[in-house]
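First the structure, in the form of structure tokens, and then the observations on it.
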There are 2 protein chains.
Amino acid sequence: MNRQEILNKFKEKGLRVTPQRLTLFMKLAEMKGHIKAEDLYNALKEEIPSISISTVYRTLKEFESKGFIYSLPSSTDYGLTVFDTNLEPHHHFICLRCEKIYDVPEEYVEIKVKNIQGSIQYETVIMKGLCESCKNKKKKVS
Amino acid sequence: MNRQEILNKFKEKGLRVTPQRLTLFMKLAEMKGHIKAEDLYNALKEEIPSISISTVYRTLKEFESKGFIYSLPSSTDYGLTVFDTNLEPHHHFICLRCEKIYDVPEEYVEIKVKNIQGSIQYETVIMKGLCESCKNKKKKVS
DNA sequence: CTTCGTGCAAAGTTTTTGCATATGA
DNA sequence: TCATATGCAAAAACTTTGCACGAAG
């Protein structure tokens with residue numbers, strides 16, 4: 001996504017364009033994955049040394065409410081939010097043993113929803129279980 | 001679920017039975033919904049005044065790892081985990097405007113998953129959008 | 001007995017807020 | 001202009017930890 005496309009995206013949602021938001025958005029796209037607010041903050045400081053963590057949180061919240069990103073609970077620690085910056089629709093598999101979060105491509109899952117009265121903006125499937133490598137290890141550990 | 005069934009569930013997972021765990025489990029079933037650790041703690045104090053918040057957190061973590069409950073990020077506040085105590089499989093619809101979490105019955109959603117190498121223990125769909133009432137209000141509010 | 005769970009208090013993390021200033025439209 | 005975003009610092013909120021004691025199997 002180039003600069004102009006991002007600007008359009010912002011305008012479309014009525015977001016004022018600031019260097020912080022722009023850089024944050026680009027960083028998210030670049031970091032692809034499940035990012036903690038603080039890691040993002042550290043990465044951003046390299047480009048905008050004066051940026052504050054409050055701005056990061058506020059912007060993240062703003063972006064989520066516009067549907068640009070998605071928040072997930074960390075599988076490891078309660079009270080820690082992880083932001084999924086993979087802007088392509090996709091799903092999640094969380095291993096109950098090693099606690100990794102795996103992205104599952106959209107085409108692996110087929111969903112049909114009926115009877116919902118509201119309007120759905122996007123949807124994601126969260127699966128929990130044992131990932132392949134933990135499944136194989138399972139017998140060896142207690 | 002009666003007392004005996006709970007005891008079996010515990011034994012099956014190798015959990016030692018204590019009054020705290022038993023009461024907590026029953027409270028969860030009774031409170032059905034999306035519960036914050038602290039609300040649960042307050043409710044529990046009525047039955048076990050000496051119970052501590054650490055026990056609540058530790059037990060919640062234990063229960064989640066055994067698949068008895070499920071943790072979700074609060075849609076309102078980052079860093080706040082909400083425990084879904086609805087023990088029946090079901091899905092979630094989160095309104096981006098009023099931030100309510102609605103349960104969606106399992107039968108409203110049909111999922112087919114392919115190509116997953118791990119073993120799935122359970123899965124839930126999280127949908128985000130506007131709930132019916134917010135969808136209708138939408139035009140009236142800027 | 002011996003291992004595991006609990007309570008307490010304290011510490012640790014993560015996130016939010018208020019306010020003055022700066023900036024975008 | 002003037003409403004909104006930002007930075008800062010401080011507070012709040014939430015969760016985890018260490019340790020000594022108590023309880024379960």
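In the structure tokens, each chain is lettered A, B, ... as it comes, each chain's residues begin at 1, and ligands are numbered from 1 in order of appearance.
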Give as an mmCIF file with N, CA, C and O atoms (P, O5', C5', C4', C3', O3' and C1' of nucleotides), in the first residue's frame every residue of chain C that touches chain B within 7 Å, counting only C-alpha atoms (C1' of nucleotides).
```
data_model
loop_
_atom_site.group_PDB
_atom_site.id
_atom_site.type_symbol
_atom_site.label_atom_id
_atom_site.label_comp_id
_atom_site.auth_asym_id
_atom_site.auth_seq_id
_atom_site.Cartn_x
_atom_site.Cartn_y
_atom_site.Cartn_z
ATOM 1 P P DT C 6 -6.313 -23.310 45.422
ATOM 2 O "O5'" DT C 6 -5.698 -22.515 46.651
ATOM 3 C "C5'" DT C 6 -6.056 -22.926 47.973
ATOM 4 C "C4'" DT C 6 -5.626 -21.874 48.967
ATOM 5 C "C3'" DT C 6 -6.012 -20.451 48.572
ATOM 6 O "O3'" DT C 6 -6.804 -19.922 49.623
ATOM 7 C "C1'" DT C 6 -3.702 -20.604 49.146
ATOM 8 P P DG C 7 -7.520 -18.549 49.473
ATOM 9 O "O5'" DG C 7 -6.566 -17.593 50.327
ATOM 10 C "C5'" DG C 7 -6.270 -17.923 51.668
ATOM 11 C "C4'" DG C 7 -5.290 -16.916 52.239
ATOM 12 C "C3'" DG C 7 -5.624 -15.458 51.928
ATOM 13 O "O3'" DG C 7 -5.478 -14.740 53.153
ATOM 14 C "C1'" DG C 7 -3.408 -15.983 51.188
ATOM 15 P P DT C 14 4.583 -5.782 29.715
ATOM 16 O "O5'" DT C 14 3.170 -5.049 29.577
ATOM 17 C "C5'" DT C 14 1.993 -5.735 29.977
ATOM 18 C "C4'" DT C 14 0.833 -4.788 29.975
ATOM 19 C "C3'" DT C 14 0.725 -3.895 28.733
ATOM 20 O "O3'" DT C 14 -0.575 -4.111 28.217
ATOM 21 C "C1'" DT C 14 0.484 -2.621 30.709
ATOM 22 P P DT C 15 -1.042 -3.341 26.921
ATOM 23 O "O5'" DT C 15 -1.805 -2.110 27.576
ATOM 24 C "C5'" DT C 15 -2.954 -2.366 28.376
ATOM 25 C "C4'" DT C 15 -3.522 -1.075 28.884
ATOM 26 C "C3'" DT C 15 -3.846 -0.040 27.803
ATOM 27 O "O3'" DT C 15 -5.242 0.216 27.901
ATOM 28 C "C1'" DT C 15 -2.710 0.953 29.633
#
```
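Within 8 Å of chain A, chain D contributes the residues DA5, DT6, DG7, DC14 and DT15 of chain D, using only C-alpha atoms (C1' of nucleotides).
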Closest contacts (chain A/chain B, max 6 Å, only C-alpha atoms) as a tab-separated table:
```
residue	atom	partner	partner_atom	distance
A:Pro73	CA	B:Pro73	CA	5.0
A:Gly79	CA	B:Gly79	CA	3.8
A:Leu80	CA	B:Gly79	CA	4.9
A:Thr81	CA	B:Gly79	CA	5.6
A:Tyr108	CA	B:Lys114	CA	5.2
A:Val109	CA	B:Val113	CA	4.5
A:Glu110	CA	B:Lys112	CA	5.0
A:Ile111	CA	B:Ile111	CA	4.7
A:Lys112	CA	B:Glu110	CA	5.0
A:Val113	CA	B:Val109	CA	4.5
A:Lys114	CA	B:Tyr108	CA	5.2
A:Gln117	CA	B:Glu132	CA	5.5
A:Gly118	CA	B:Cys131	CA	4.1
A:Ser119	CA	B:Leu130	CA	5.3
A:Ile120	CA	B:Gly129	CA	4.3
A:Gln121	CA	B:Gly129	CA	4.4
A:Tyr122	CA	B:Lys128	CA	5.5
A:Glu123	CA	B:Met127	CA	4.0
A:Thr124	CA	B:Ile126	CA	5.3
A:Val125	CA	B:Val125	CA	4.2
A:Ile126	CA	B:Thr124	CA	5.3
A:Met127	CA	B:Glu123	CA	4.0
A:Lys128	CA	B:Tyr122	CA	5.5
A:Gly129	CA	B:Ile120	CA	4.3
A:Leu130	CA	B:Ser119	CA	5.3
A:Cys131	CA	B:Gly118	CA	4.1
A:Glu132	CA	B:Gly118	CA	4.1
```
*Can you list every residue in range 40-94 of chain A that DSSP puts in alpha helix (DSSP H), as a list in words?*
Leu40, Tyr41, Asn42, Ala43, Leu44, Lys45, Ile53, Ser54, Thr55, Val56, Tyr57, Arg58, Thr59, Leu60, Lys61, Glu62, Phe63, Glu64 and Ser65 of chain A
Could the residues in this selection be saved with N, CA and C atoms as a PDB file, in the first residue's frame?
```pdb
ATOM      1  N   LEU A  40       6.129  -1.879  19.205  1.00  0.00           N
ATOM      2  CA  LEU A  40       5.826  -0.934  18.157  1.00  0.00           C
ATOM      3  C   LEU A  40       6.366   0.444  18.535  1.00  0.00           C
ATOM      4  N   TYR A  41       6.156   0.798  19.758  1.00  0.00           N
ATOM      5  CA  TYR A  41       6.651   2.075  20.281  1.00  0.00           C
ATOM      6  C   TYR A  41       8.165   2.187  20.086  1.00  0.00           C
ATOM      7  N   ASN A  42       8.867   1.144  20.437  1.00  0.00           N
ATOM      8  CA  ASN A  42      10.319   1.165  20.278  1.00  0.00           C
ATOM      9  C   ASN A  42      10.735   1.301  18.825  1.00  0.00           C
ATOM     10  N   ALA A  43      10.024   0.589  17.975  1.00  0.00           N
ATOM     11  CA  ALA A  43      10.346   0.678  16.551  1.00  0.00           C
ATOM     12  C   ALA A  43      10.081   2.089  16.030  1.00  0.00           C
ATOM     13  N   LEU A  44       9.008   2.682  16.524  1.00  0.00           N
ATOM     14  CA  LEU A  44       8.642   4.009  16.044  1.00  0.00           C
ATOM     15  C   LEU A  44       9.605   5.085  16.502  1.00  0.00           C
ATOM     16  N   LYS A  45      10.153   4.893  17.683  1.00  0.00           N
ATOM     17  CA  LYS A  45      11.065   5.915  18.197  1.00  0.00           C
ATOM     18  C   LYS A  45      12.257   6.136  17.278  1.00  0.00           C
ATOM     19  N   ILE A  53       4.318   6.939  24.081  1.00  0.00           N
ATOM     20  CA  ILE A  53       3.583   5.683  24.141  1.00  0.00           C
ATOM     21  C   ILE A  53       2.073   5.927  24.157  1.00  0.00           C
ATOM     22  N   SER A  54       1.666   7.058  24.697  1.00  0.00           N
ATOM     23  CA  SER A  54       0.222   7.355  24.694  1.00  0.00           C
ATOM     24  C   SER A  54      -0.294   7.458  23.276  1.00  0.00           C
ATOM     25  N   THR A  55       0.488   8.097  22.452  1.00  0.00           N
ATOM     26  CA  THR A  55       0.080   8.244  21.057  1.00  0.00           C
ATOM     27  C   THR A  55      -0.055   6.876  20.404  1.00  0.00           C
ATOM     28  N   VAL A  56       0.868   6.001  20.741  1.00  0.00           N
ATOM     29  CA  VAL A  56       0.804   4.661  20.170  1.00  0.00           C
ATOM     30  C   VAL A  56      -0.497   3.987  20.576  1.00  0.00           C
ATOM     31  N   TYR A  57      -0.808   4.036  21.851  1.00  0.00           N
ATOM     32  CA  TYR A  57      -2.040   3.401  22.308  1.00  0.00           C
ATOM     33  C   TYR A  57      -3.270   4.050  21.701  1.00  0.00           C
ATOM     34  N   ARG A  58      -3.257   5.373  21.689  1.00  0.00           N
ATOM     35  CA  ARG A  58      -4.429   6.062  21.151  1.00  0.00           C
ATOM     36  C   ARG A  58      -4.621   5.753  19.672  1.00  0.00           C
ATOM     37  N   THR A  59      -3.526   5.698  18.969  1.00  0.00           N
ATOM     38  CA  THR A  59      -3.622   5.445  17.531  1.00  0.00           C
ATOM     39  C   THR A  59      -4.061   4.008  17.259  1.00  0.00           C
ATOM     40  N   LEU A  60      -3.515   3.101  18.033  1.00  0.00           N
ATOM     41  CA  LEU A  60      -3.895   1.703  17.888  1.00  0.00           C
ATOM     42  C   LEU A  60      -5.399   1.539  18.100  1.00  0.00           C
ATOM     43  N   LYS A  61      -5.887   2.212  19.102  1.00  0.00           N
ATOM     44  CA  LYS A  61      -7.304   2.144  19.404  1.00  0.00           C
ATOM     45  C   LYS A  61      -8.115   2.726  18.247  1.00  0.00           C
ATOM     46  N   GLU A  62      -7.657   3.832  17.762  1.00  0.00           N
ATOM     47  CA  GLU A  62      -8.301   4.481  16.623  1.00  0.00           C
ATOM     48  C   GLU A  62      -8.325   3.539  15.417  1.00  0.00           C
ATOM     49  N   PHE A  63      -7.183   2.967  15.131  1.00  0.00           N
ATOM     50  CA  PHE A  63      -7.083   2.070  13.977  1.00  0.00           C
ATOM     51  C   PHE A  63      -7.970   0.851  14.146  1.00  0.00           C
ATOM     52  N   GLU A  64      -8.037   0.346  15.351  1.00  0.00           N
ATOM     53  CA  GLU A  64      -8.885  -0.824  15.500  1.00  0.00           C
ATOM     54  C   GLU A  64     -10.338  -0.455  15.275  1.00  0.00           C
ATOM     55  N   SER A  65     -10.720   0.710  15.764  1.00  0.00           N
ATOM     56  CA  SER A  65     -12.129   1.069  15.612  1.00  0.00           C
ATOM     57  C   SER A  65     -12.471   1.333  14.143  1.00  0.00           C
TER      58      SER A  65
END
```
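The residue that comes closest to DG18 in chain C, out of D:DC19, D:DC2, D:DG25, D:DA9 and on the basis of only C-alpha atoms (C1' of nucleotides), is D:DA9.
The shortest atom-to-atom distance to Glu30 in chain A, with only C-alpha atoms taken into account, belongs to A:Asn86 out of A:Pro49, A:Tyr102, A:Asn86, A:Glu5.
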*Using only C-alpha atoms (C1' of nucleotides), determine which residues lie at most 12 Å from DA10 in chain C, disregarding the query and same-chain residues fewer than 4 positions distant; provide the list as a PyMOL selection string.*
chain D and resi 16-19
Print the selection's residues with C-alpha atoms (C1' of nucleotides) to a file, as an mmCIF file, in the first residue's frame.
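What landed in out.cif:
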```cif
data_model
loop_
_atom_site.group_PDB
_atom_site.id
_atom_site.type_symbol
_atom_site.label_atom_id
_atom_site.label_comp_id
_atom_site.auth_asym_id
_atom_site.auth_seq_id
_atom_site.Cartn_x
_atom_site.Cartn_y
_atom_site.Cartn_z
ATOM 1 C "C1'" DT D 16 1.943 -11.958 38.647
ATOM 2 C "C1'" DT D 17 5.252 -13.448 42.217
ATOM 3 C "C1'" DG D 18 7.693 -15.038 46.512
ATOM 4 C "C1'" DC D 19 7.112 -16.940 50.555
#
```
_Based on the backbone DSSP call, show me all residues of chain B assigned strand (DSSP E), as an MDAnalysis selection string._
chainID B and resid 34:36 70:73 81:84 90:95 101:105 109:113 119:130
_Just the number, please: distance in Å from CA of Lys32 in chain A to CA of Phe83 in chain A, one decimal._
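So the answer is 9.7 Å.
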